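Asker: Dropping in start_4.txt, with compact mmCIF, C-alpha atoms and all ligand atoms.
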```txt
# COMPACT_ATOMS: atom_id res chain seq x y z
CA MET R 1441 98.91 116.75 84.43
CA ALA R 1442 101.25 119.48 85.56
CA VAL R 1443 101.92 118.37 89.08
CA SER R 1444 104.75 116.09 89.96
CA LEU R 1445 103.85 113.70 92.70
CA VAL R 1446 107.28 112.25 93.00
CA ALA R 1447 108.55 113.07 96.45
CA GLN R 1448 111.99 112.18 97.63
CA VAL R 1449 111.18 112.36 101.31
CA ARG R 1450 112.42 109.48 103.40
CA MET R 1451 111.33 109.50 106.99
CA PRO R 1452 113.65 108.33 109.69
CA GLY R 1453 112.23 106.59 112.72
CA PRO R 1454 109.69 103.85 113.10
CA SER R 1455 106.14 103.81 111.76
CA LEU R 1456 103.45 101.29 112.48
CA PHE R 1457 104.48 98.96 109.68
CA ALA R 1458 107.83 100.03 108.46
CA ARG R 1459 110.67 102.46 108.75
CA SER R 1460 110.57 104.56 105.60
CA VAL R 1461 107.90 106.64 103.98
CA ASN R 1462 107.86 104.42 100.92
CA ASP R 1463 107.32 101.39 103.08
CA ILE R 1464 103.92 102.44 104.31
CA ARG R 1465 102.47 103.24 100.92
CA PHE R 1466 99.87 100.57 100.43
CA GLY R 1467 98.96 101.19 96.86
CA CYS R 1468 101.01 104.34 96.57
CA LEU R 1469 102.55 104.76 93.19
CA SER R 1470 104.59 107.66 91.99
CA LEU R 1471 103.02 109.52 89.14
CA ALA R 1472 106.31 109.28 87.28
CA ARG R 1473 105.90 105.54 87.01
CA ILE R 1474 102.25 105.81 86.19
CA ARG R 1475 103.31 108.02 83.31
CA HIS R 1476 106.13 105.93 81.97
CA HIS R 1477 105.28 102.30 82.12
CA ARG R 1478 102.84 99.65 83.04
CA CYS R 1479 105.21 97.28 84.79
CA PHE R 1480 102.75 94.60 85.76
CA SER R 1481 102.28 92.03 83.08
CA SER R 1482 99.55 89.54 83.75
CA THR R 1483 101.00 86.95 81.44
CA GLN R 1484 104.43 87.08 83.09
CA SER R 1485 102.72 86.89 86.43
CA VAL R 1486 100.73 83.82 85.45
CA GLN R 1487 103.94 81.97 84.66
CA LYS R 1488 105.88 83.08 87.71
CA SER R 1489 103.28 82.99 90.42
CA SER R 1490 102.08 80.01 92.38
CA VAL R 1491 98.71 81.66 92.93
CA THR R 1492 95.83 79.35 92.10
CA ARG R 1493 93.93 80.42 89.04
CA PHE R 1494 90.24 79.93 89.55
CA GLN R 1495 88.39 78.06 86.85
CA SER R 1496 86.13 80.48 85.10
CA ALA R 1497 82.47 79.64 85.39
CA ASP R 1498 80.67 82.31 83.40
CA ARG R 1499 79.85 84.08 86.64
CA LEU R 1500 79.52 87.46 84.94
CA SER R 1501 77.86 86.35 81.76
CA GLY R 1502 75.95 89.16 80.10
CA ARG R 1503 77.36 91.91 82.30
CA THR R 1504 78.94 95.13 81.14
CA CYS R 1505 81.76 96.38 83.37
CA LEU R 1506 83.54 99.70 83.49
CA ILE R 1507 86.91 99.66 85.22
CA THR R 1508 88.78 102.85 86.01
CA GLY R 1509 92.50 102.22 86.27
CA GLY R 1510 91.97 99.23 83.99
CA SER R 1511 95.25 99.77 82.15
CA SER R 1512 97.44 98.58 85.00
CA GLY R 1513 97.86 96.54 88.17
CA ILE R 1514 94.72 95.73 90.11
CA GLY R 1515 92.31 97.26 87.58
CA TYR R 1516 93.94 95.29 84.77
CA ALA R 1517 93.77 92.03 86.76
CA ILE R 1518 90.08 92.63 87.43
CA ALA R 1519 89.46 93.24 83.72
CA GLU R 1520 91.28 90.02 82.85
CA ARG R 1521 89.30 88.02 85.38
CA PHE R 1522 85.97 89.56 84.39
CA LEU R 1523 86.66 88.57 80.77
CA GLN R 1524 87.41 85.02 81.93
CA GLU R 1525 84.04 85.08 83.70
CA SER R 1526 82.36 85.86 80.37
CA ALA R 1527 81.53 89.50 80.99
CA SER R 1528 80.01 90.64 77.72
CA SER R 1529 81.79 93.97 77.64
CA ILE R 1530 84.69 95.56 79.51
CA ILE R 1531 85.31 99.29 79.30
CA LEU R 1532 88.81 100.24 80.42
CA VAL R 1533 89.25 103.81 81.63
CA GLY R 1534 92.60 105.56 81.97
CA ARG R 1535 94.37 108.77 81.03
CA SER R 1536 96.54 107.37 78.26
CA GLN R 1537 95.26 105.92 75.01
CA LYS R 1538 98.62 104.23 74.51
CA ARG R 1539 98.57 102.47 77.88
CA LEU R 1540 94.95 101.45 77.38
CA GLU R 1541 95.77 99.97 73.98
CA ALA R 1542 98.72 98.09 75.46
CA ALA R 1543 96.44 96.70 78.18
CA ALA R 1544 93.85 95.65 75.60
CA ALA R 1545 96.55 93.84 73.60
CA ASP R 1546 97.69 92.03 76.76
CA LEU R 1547 94.11 91.07 77.58
CA ARG R 1548 93.66 89.62 74.10
CA SER R 1549 96.83 87.61 74.34
CA SER R 1550 96.05 86.42 77.86
CA ALA R 1551 92.59 85.26 76.74
CA GLY R 1552 94.18 83.41 73.81
CA GLU R 1553 96.65 81.64 76.13
CA ILE R 1554 93.92 80.57 78.51
CA HIS R 1555 91.72 79.24 75.73
CA SER R 1556 94.57 77.25 74.23
CA THR R 1557 95.58 75.86 77.67
CA GLU R 1558 92.02 74.78 78.38
CA GLY R 1559 91.45 73.56 74.84
CA THR R 1560 88.39 75.76 74.47
CA ALA R 1561 87.39 77.86 71.51
CA SER R 1562 88.54 81.44 71.74
CA SER R 1563 85.68 83.92 71.73
CA ASN R 1564 86.39 87.25 70.12
CA VAL R 1565 87.85 89.13 73.05
CA SER R 1566 88.58 92.22 70.95
CA ASP R 1567 84.87 92.81 70.48
CA ARG R 1568 84.36 92.72 74.24
CA ILE R 1569 86.96 95.34 75.15
CA ARG R 1570 86.38 99.06 74.80
CA LEU R 1571 88.66 101.90 75.76
CA LEU R 1572 87.69 105.22 77.27
CA VAL R 1573 90.36 107.86 77.70
CA GLY R 1574 89.57 110.11 80.63
CA ASP R 1575 91.00 111.56 83.80
CA VAL R 1576 88.78 110.63 86.74
CA GLY R 1577 90.17 113.62 88.60
CA GLU R 1578 88.66 115.86 85.93
CA VAL R 1579 85.35 114.13 85.33
CA ALA R 1580 83.45 117.39 84.93
CA SER R 1581 85.07 117.88 81.52
CA TRP R 1582 83.82 114.52 80.15
CA MET R 1583 80.75 113.93 82.32
CA ARG R 1584 78.35 113.66 79.40
CA GLU R 1585 80.47 111.00 77.68
CA LEU R 1586 80.84 109.11 80.96
CA GLU R 1587 77.11 109.11 81.64
CA GLN R 1588 76.45 107.85 78.13
CA GLU R 1589 78.91 104.99 78.68
CA MET R 1590 77.28 104.20 82.02
CA ALA R 1591 73.89 103.58 80.43
CA LYS R 1592 74.64 99.88 80.00
CA VAL R 1593 77.12 99.39 82.81
CA ASP R 1594 76.20 96.76 85.40
CA ILE R 1595 79.46 96.71 87.35
CA LEU R 1596 81.59 99.76 88.06
CA VAL R 1597 85.07 99.19 89.47
CA ASN R 1598 86.84 102.25 90.84
CA ALA R 1599 90.47 101.18 90.77
CA ALA R 1600 92.15 104.35 89.42
CA GLY R 1601 94.44 105.74 92.05
CA VAL R 1602 97.58 107.78 92.64
CA SER R 1603 99.63 108.78 95.62
CA PHE R 1604 102.79 110.49 96.63
CA SER R 1605 105.06 110.03 99.57
CA SER R 1606 105.61 113.06 101.75
CA ILE R 1607 104.84 114.20 105.27
CA LEU R 1608 101.93 116.64 105.40
CA PRO R 1609 103.84 119.86 106.19
CA ARG R 1610 106.03 119.28 103.15
CA SER R 1611 103.16 118.35 100.84
CA GLU R 1612 102.13 120.85 98.18
CA PRO R 1613 98.43 121.80 98.19
CA ALA R 1614 98.23 120.96 94.48
CA ASP R 1615 99.53 117.44 95.14
CA ILE R 1616 97.10 116.94 98.02
CA SER R 1617 94.25 118.10 95.85
CA HIS R 1618 95.34 115.83 92.99
CA VAL R 1619 95.27 112.73 95.18
CA LEU R 1620 91.89 113.58 96.69
CA ARG R 1621 90.38 114.39 93.32
CA THR R 1622 91.65 111.24 91.64
CA ASN R 1623 91.12 108.74 94.42
CA LEU R 1624 87.99 110.05 96.12
CA GLU R 1625 86.17 112.61 94.01
CA GLY R 1626 86.82 110.50 90.90
CA ALA R 1627 85.17 107.44 92.48
CA MET R 1628 82.30 109.59 93.74
CA LEU R 1629 81.63 111.09 90.32
CA THR R 1630 81.80 107.79 88.46
CA SER R 1631 79.39 106.35 91.06
CA ARG R 1632 77.12 109.35 90.54
CA ALA R 1633 77.25 108.77 86.78
CA LEU R 1634 76.31 105.10 87.20
CA ILE R 1635 73.38 105.91 89.48
CA ARG R 1636 72.09 108.69 87.23
CA ALA R 1637 72.30 106.43 84.19
CA ALA R 1638 70.51 103.64 86.08
CA ILE R 1639 67.69 105.99 87.01
CA ARG R 1640 67.33 107.09 83.41
CA SER R 1641 67.26 103.53 82.09
CA ARG R 1642 64.64 102.57 84.70
CA VAL R 1643 62.42 105.38 83.46
CA ARG R 1644 62.93 104.18 79.90
CA SER R 1645 62.09 100.59 80.76
CA ARG R 1646 58.91 101.66 82.48
CA LYS R 1647 57.82 103.39 79.28
CA ASN R 1648 58.62 100.33 77.20
CA GLU R 1649 56.18 97.57 78.09
CA ASP R 1650 58.21 94.94 76.23
CA THR R 1651 61.29 95.51 78.34
CA GLU R 1652 61.64 93.17 81.27
CA ALA R 1653 62.89 94.28 84.67
CA ILE R 1654 66.66 94.62 85.11
CA PRO R 1655 67.77 91.05 85.87
CA PHE R 1656 70.72 91.85 88.14
CA SER R 1657 71.49 94.56 90.60
CA LYS R 1658 74.08 97.11 89.60
CA CYS R 1659 77.25 96.88 91.59
CA ILE R 1660 79.94 99.40 92.50
CA ILE R 1661 83.28 98.03 93.67
CA ASN R 1662 85.64 100.58 95.18
CA VAL R 1663 89.31 99.84 95.73
CA SER R 1664 90.32 101.33 99.06
CA SER R 1665 93.54 100.57 100.96
CA LEU R 1666 94.69 99.32 104.33
CA LEU R 1667 95.86 102.87 104.95
CA ALA R 1668 92.18 103.80 105.22
CA VAL R 1669 92.02 102.00 108.54
CA LYS R 1670 95.62 101.92 109.80
CA GLY R 1671 97.83 104.89 110.42
CA GLY R 1672 101.19 105.45 108.84
CA THR R 1673 103.67 108.18 108.01
CA GLY R 1674 103.98 110.05 104.73
CA ALA R 1675 100.62 109.32 103.14
CA VAL R 1676 98.06 111.56 104.83
CA PRO R 1677 96.16 112.64 101.66
CA TYR R 1678 96.22 109.09 100.31
CA ALA R 1679 94.98 107.62 103.61
CA ALA R 1680 92.27 110.28 103.84
CA SER R 1681 91.16 109.57 100.27
CA LYS R 1682 90.99 105.83 100.94
CA ALA R 1683 89.09 106.33 104.22
CA GLY R 1684 86.72 108.54 102.25
CA ILE R 1685 86.22 105.66 99.83
CA LEU R 1686 84.87 103.54 102.69
CA GLY R 1687 82.46 106.34 103.66
CA LEU R 1688 81.39 106.63 100.04
CA THR R 1689 80.82 102.88 99.84
CA ARG R 1690 78.73 102.81 103.03
CA SER R 1691 76.60 105.85 102.25
CA VAL R 1692 75.84 104.79 98.68
CA ALA R 1693 74.68 101.39 100.00
CA VAL R 1694 72.17 103.10 102.29
CA GLU R 1695 71.15 105.98 100.07
CA ALA R 1696 70.58 103.82 96.99
CA SER R 1697 68.24 101.60 98.96
CA ALA R 1698 66.40 104.52 100.56
CA SER R 1699 65.96 106.65 97.47
CA LEU R 1700 65.88 104.38 94.44
CA LYS R 1701 63.09 102.00 95.44
CA ASP R 1702 62.84 99.43 92.64
CA LEU R 1703 66.47 99.88 91.54
CA ILE R 1704 69.06 97.79 93.30
CA ILE R 1705 72.52 99.29 93.45
CA ARG R 1706 75.01 97.49 95.66
CA SER R 1707 78.11 99.26 96.90
CA ASN R 1708 81.16 97.35 98.11
CA ALA R 1709 84.84 97.86 98.80
CA ILE R 1710 88.09 95.96 98.68
CA VAL R 1711 90.82 96.91 101.13
CA PRO R 1712 94.16 95.65 99.80
CA GLY R 1713 97.41 95.54 101.72
CA TYR R 1714 100.60 95.22 99.65
CA ILE R 1715 99.79 93.99 96.16
CA GLU R 1716 102.38 93.34 93.45
CA THR R 1717 101.77 96.16 91.02
CA PRO R 1718 104.23 98.73 89.70
CA MET R 1719 104.64 100.20 93.18
CA ILE R 1720 106.67 97.17 94.20
CA SER R 1721 109.53 98.24 91.94
CA ASP R 1722 110.25 101.09 94.37
CA PHE R 1723 111.32 98.72 97.08
CA THR R 1724 114.84 97.42 97.45
CA PRO R 1725 115.16 93.67 98.02
CA GLY R 1726 115.98 94.44 101.67
CA GLU R 1727 112.87 96.55 102.12
CA MET R 1728 110.72 93.89 100.47
CA SER R 1729 112.06 91.19 102.67
CA ARG R 1730 111.54 93.26 105.82
CA LEU R 1731 108.00 94.19 104.77
CA LYS R 1732 107.11 90.61 104.00
CA ASP R 1733 108.23 89.66 107.48
CA THR R 1734 105.54 91.95 108.92
CA ILE R 1735 102.79 90.23 106.90
CA PRO R 1736 101.41 87.06 108.50
CA LEU R 1737 101.45 85.29 105.12
CA HIS R 1738 105.00 86.56 104.44
CA ARG R 1739 104.34 87.68 100.90
CA PHE R 1740 102.71 90.47 98.92
CA GLY R 1741 99.40 89.81 97.24
CA ASP R 1742 98.94 89.04 93.57
CA PRO R 1743 96.56 91.41 91.73
CA ARG R 1744 94.60 88.35 90.60
CA GLU R 1745 93.81 87.61 94.24
CA VAL R 1746 92.22 91.04 94.46
CA ALA R 1747 90.40 90.26 91.22
CA ASP R 1748 88.91 87.14 92.83
CA ALA R 1749 87.43 89.37 95.52
CA ALA R 1750 85.99 91.62 92.83
CA VAL R 1751 84.30 88.66 91.14
CA PHE R 1752 82.76 87.63 94.45
CA LEU R 1753 81.42 91.13 95.12
CA ALA R 1754 80.11 91.46 91.57
CA GLN R 1755 78.36 88.13 91.63
CA ASN R 1756 77.01 87.82 95.17
CA GLU R 1757 73.64 89.51 95.22
CA TYR R 1758 73.64 89.84 99.01
CA ALA R 1759 77.00 91.61 99.16
CA ASN R 1760 76.25 95.24 100.00
CA ASN R 1761 78.57 97.46 102.03
CA CYS R 1762 80.74 94.37 102.04
CA VAL R 1763 84.29 95.44 102.85
CA LEU R 1764 86.88 92.79 102.03
CA ASN R 1765 90.43 92.90 103.33
CA ILE R 1766 92.93 91.28 101.00
CA ASP R 1767 96.14 91.85 102.90
CA GLY R 1768 97.67 88.53 103.89
CA GLY R 1769 96.65 89.24 107.49
CA LEU R 1770 98.48 92.57 107.81
CA SER R 1771 95.30 94.24 109.10
CA ALA R 1772 95.49 91.98 112.15
CA VAL R 1773 99.01 93.06 113.08
N1 LIG R 1801 99.23 97.94 94.78
C1 LIG R 1801 98.90 98.00 96.04
O1 LIG R 1801 99.65 97.52 96.91
C2 LIG R 1801 97.63 98.65 96.47
C3 LIG R 1801 97.25 98.54 97.81
C4 LIG R 1801 96.10 99.16 98.25
C5 LIG R 1801 95.30 99.87 97.37
N2 LIG R 1801 95.69 99.99 96.08
C6 LIG R 1801 94.82 100.77 95.21
O2 LIG R 1801 94.50 99.96 94.10
C7 LIG R 1801 94.18 100.81 93.00
C8 LIG R 1801 94.98 100.33 91.80
O3 LIG R 1801 96.36 100.53 92.09
P1 LIG R 1801 97.52 99.70 91.41
O4 LIG R 1801 98.41 99.26 92.48
O5 LIG R 1801 96.92 98.74 90.47
O6 LIG R 1801 98.27 100.86 90.65
P2 LIG R 1801 98.66 101.03 89.12
O7 LIG R 1801 99.19 99.78 88.60
O8 LIG R 1801 99.52 102.23 89.04
O9 LIG R 1801 97.31 101.40 88.43
C9 LIG R 1801 96.75 102.66 88.58
C10 LIG R 1801 95.75 102.83 87.48
O10 LIG R 1801 95.02 104.05 87.69
C11 LIG R 1801 95.00 104.79 86.48
N3 LIG R 1801 94.87 106.18 86.82
C12 LIG R 1801 95.66 106.90 87.64
N4 LIG R 1801 95.22 108.15 87.72
C13 LIG R 1801 94.14 108.23 86.93
C14 LIG R 1801 93.23 109.27 86.60
N5 LIG R 1801 93.36 110.50 87.11
N6 LIG R 1801 92.22 109.01 85.75
C15 LIG R 1801 92.07 107.77 85.22
N7 LIG R 1801 92.88 106.75 85.51
C16 LIG R 1801 93.90 106.98 86.35
C17 LIG R 1801 96.31 104.42 85.81
O11 LIG R 1801 96.26 104.62 84.41
P3 LIG R 1801 96.90 105.92 83.70
O12 LIG R 1801 98.12 106.29 84.47
O13 LIG R 1801 97.18 105.48 82.32
O14 LIG R 1801 95.83 106.96 83.78
C18 LIG R 1801 96.39 102.95 86.11
O15 LIG R 1801 95.62 102.21 85.19
C19 LIG R 1801 94.53 102.22 93.43
O16 LIG R 1801 93.36 102.88 93.81
C20 LIG R 1801 95.43 102.02 94.62
O17 LIG R 1801 95.37 103.09 95.51
C21 LIG R 1801 96.82 99.41 95.60
```
Reformat the file's structure so that it appears as structure tokens.
Ligand SMILES: NC(=O)c1ccc[n+]([C@@H]2O[C@H](COP(=O)([O-])OP(=O)(O)OC[C@H]3O[C@@H](n4cnc5c(N)ncnc54)[C@H](OP(=O)(O)O)[C@@H]3O)[C@@H](O)[C@H]2O)c1

Answerer:
Amino acid sequence: MAVSLVAQVRMPGPSLFARSVNDIRFGCLSLARIRHHRCFSSTQSVQKSSVTRFQSADRLSGRTCLITGGSSGIGYAIAERFLQESASSIILVGRSQKRLEAAAADLRSSAGEIHSTEGTASSNVSDRIRLLVGDVGEVASWMRELEQEMAKVDILVNAAGVSFSSILPRSEPADISHVLRTNLEGAMLTSRALIRAAIRSRVRSRKNEDTEAIPFSKCIINVSSLLAVKGGTGAVPYAASKAGILGLTRSVAVEASASLKDLIIRSNAIVPGYIETPMISDFTPGEMSRLKDTIPLHRFGDPREVADAAVFLAQNEYANNCVLNIDGGLSAV
């Protein structure tokens, strides 16, 4: 990871949503912070937030889920929620073993807290969490391992993402390429790995007469951004990558149906506005307050609210090319 994506550019003048470059970065997070800490703590958030926690109802019982970007923010919240919904196995993907291990420890402790609050017996969460160290921007170098992991995956969540804040003429080609490779090509290659693995397992189940048909569809959930559909200043590569994610989502939904016949692969997307993940620490209190004023619900989203959308998309067998805004109404402004 040689490139530095930390840009110091601050743009004067108005943009559609806000005045500074940082302000318009829905989901933009400097690589420096990605490297140094995972600020979002689900357990802290549970105590502080007034967000309703849905009662788990075993909605994902028996499913295996692979979540890129599962060590932090939205990906972490989705992992936590999927565990609460009795997913049988969660594979967290990220670039750092240390951050993945920290996330796994947090998931274990969060599961313990929930079980003790609800007075239920704690299942062995450790056995249900697996870690896979890999850079989704460099999938070619670990493609074989990824495809092996995908063999049993029912739900793929593409939440890994990076960005940097800079106007296009001042952006380095290497930084542009890094964002596109991580956010778009990464999601495309993990989707490709899931589909290839699904095709292989279908062939195997045809050969094995004892094996019953796959009970559920496979589901891909891509995390896009409001910048995919609304313009802003200072995030051209990021916006392009997130718009590409919507094209990827749409085309996979059609192509999978047209070419895979008896295999059902659903492809869906979530389009978050401002969500409280490590990116929020960039904002001054004044910026936060001004940004919240532009959002009809006057607050940023909680990652667990995005996770609720992911559960819906994973569970609802008619959700295909379903694109869900989770933005407090900002898309309407
Ligand atoms: N927060 C928002 O307001 C918001 C809004 C709209 C969209 N989004 C999108 O939501 C997704 C999650 O963002 P977040 O806010 O949760 O950010 P976050 O807390 O920084 O999480 C980003 C995750 O992506 C992983 N990651 C980054 N580059 C990677 C790579 N090359 N290979 C594998 N993993 C990689 C990070 O782990 P490592 O650094 O350890 O690899 C981390 O787990 C992103 O796609 C983002 O664009 C966020």

Asker: Please find the residues contacting ligand LIG 1801 (chain R) at a distance of at most 6 Å between atoms, with all atoms listed in the file counted, and report them as a PyMOL selection string.

Answerer: chain R and resi 1466-1469+1474-1475+1508-1515+1534-1536+1539+1574-1577+1599-1602+1622+1663-1665+1712-1718

Asker: Would you please work out which residue, of R:Ile1518, R:Met1583, R:Ala1591, R:Val1573, is nearest to Thr1504 (chain R) when using all atoms listed in the file?

Answerer: R:Ala1591

Asker: For Ile1710 (chain R), list every protein, DNA or RNA residue within 10 Å, evaluated using all atoms listed in the file, and leave out those in the same chain fewer than 2 positions away; present the list as a PyMOL selection string.

Answerer: chain R and resi 1599+1661-1666+1685-1686+1708+1712-1713+1746-1747+1749-1750+1753+1762-1767

Asker: Using CA of Ala1637 (chain R) and CA of Val1692 (chain R) as the two end points, give the distance in Å to one decimal.

Answerer: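 Between CA of Ala1637 (chain R) and CA of Val1692 (chain R) the gap is 15.0 Å.
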
Asker: What is the distance between CA of Ala1679 (chain R) and CA of Leu1667 (chain R), in Å to one decimal?

Answerer: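 Between CA of Ala1679 (chain R) and CA of Leu1667 (chain R) the gap works out to 5.0 Å.
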
Asker: Just how far from CA of Ser1529 (chain R) is CA of Asp1567 (chain R), in Å to one decimal?

Answerer: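 If I compute the distance from CA of Asp1567 (chain R) to CA of Ser1529 (chain R), I get 7.9 Å.
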
Asker: Could you tell me which of R:Glu1525, R:Glu1520, R:Glu1587, R:Asp1615 comes closest to Ala1497 (chain R) if we count all atoms listed in the file?

Answerer: R:Glu1525

Asker: Can you put N, CA and C atoms back into region 1726-1743 of chain R and show it as an mmCIF file, in the frame of the given file?

Answerer:
```
data_model
loop_
_atom_site.group_PDB
_atom_site.id
_atom_site.type_symbol
_atom_site.label_atom_id
_atom_site.label_comp_id
_atom_site.auth_asym_id
_atom_site.auth_seq_id
_atom_site.Cartn_x
_atom_site.Cartn_y
_atom_site.Cartn_z
ATOM 1 N N GLY R 1726 115.965 94.420 100.201
ATOM 2 C CA GLY R 1726 115.980 94.440 101.670
ATOM 3 C C GLY R 1726 114.672 94.939 102.245
ATOM 4 N N GLU R 1727 114.144 96.003 101.652
ATOM 5 C CA GLU R 1727 112.870 96.550 102.120
ATOM 6 C C GLU R 1727 111.759 95.521 101.922
ATOM 7 N N MET R 1728 111.778 94.879 100.755
ATOM 8 C CA MET R 1728 110.720 93.890 100.470
ATOM 9 C C MET R 1728 110.754 92.772 101.493
ATOM 10 N N SER R 1729 111.943 92.303 101.754
ATOM 11 C CA SER R 1729 112.060 91.190 102.670
ATOM 12 C C SER R 1729 111.583 91.592 104.072
ATOM 13 N N ARG R 1730 111.952 92.798 104.498
ATOM 14 C CA ARG R 1730 111.540 93.260 105.820
ATOM 15 C C ARG R 1730 110.019 93.442 105.890
ATOM 16 N N LEU R 1731 109.450 94.001 104.799
ATOM 17 C CA LEU R 1731 108.000 94.190 104.770
ATOM 18 C C LEU R 1731 107.264 92.862 104.803
ATOM 19 N N LYS R 1732 107.780 91.913 104.048
ATOM 20 C CA LYS R 1732 107.110 90.610 104.000
ATOM 21 C C LYS R 1732 107.119 89.951 105.369
ATOM 22 N N ASP R 1733 108.173 90.212 106.123
ATOM 23 C CA ASP R 1733 108.230 89.660 107.480
ATOM 24 C C ASP R 1733 107.104 90.170 108.371
ATOM 25 N N THR R 1734 106.612 91.387 108.075
ATOM 26 C CA THR R 1734 105.540 91.950 108.920
ATOM 27 C C THR R 1734 104.170 91.386 108.541
ATOM 28 N N ILE R 1735 104.092 90.746 107.381
ATOM 29 C CA ILE R 1735 102.790 90.230 106.900
ATOM 30 C C ILE R 1735 102.646 88.777 107.357
ATOM 31 N N PRO R 1736 101.562 88.441 108.029
ATOM 32 C CA PRO R 1736 101.410 87.060 108.500
ATOM 33 C C PRO R 1736 101.604 86.001 107.418
ATOM 34 N N LEU R 1737 101.231 86.287 106.188
ATOM 35 C CA LEU R 1737 101.450 85.290 105.120
ATOM 36 C C LEU R 1737 102.808 85.437 104.448
ATOM 37 N N HIS R 1738 103.605 86.394 104.893
ATOM 38 C CA HIS R 1738 105.000 86.560 104.440
ATOM 39 C C HIS R 1738 105.166 86.740 102.932
ATOM 40 N N ARG R 1739 104.183 87.351 102.317
ATOM 41 C CA ARG R 1739 104.340 87.680 100.900
ATOM 42 C C ARG R 1739 103.387 88.823 100.562
ATOM 43 N N PHE R 1740 103.657 89.485 99.435
ATOM 44 C CA PHE R 1740 102.710 90.470 98.920
ATOM 45 C C PHE R 1740 101.612 89.731 98.164
ATOM 46 N N GLY R 1741 100.495 90.423 97.982
ATOM 47 C CA GLY R 1741 99.400 89.810 97.240
ATOM 48 C C GLY R 1741 99.610 89.909 95.745
ATOM 49 N N ASP R 1742 98.951 89.020 95.034
ATOM 50 C CA ASP R 1742 98.940 89.040 93.570
ATOM 51 C C ASP R 1742 97.672 89.808 93.149
ATOM 52 N N PRO R 1743 97.766 90.672 92.149
ATOM 53 C CA PRO R 1743 96.560 91.410 91.730
ATOM 54 C C PRO R 1743 95.392 90.489 91.393
#
```
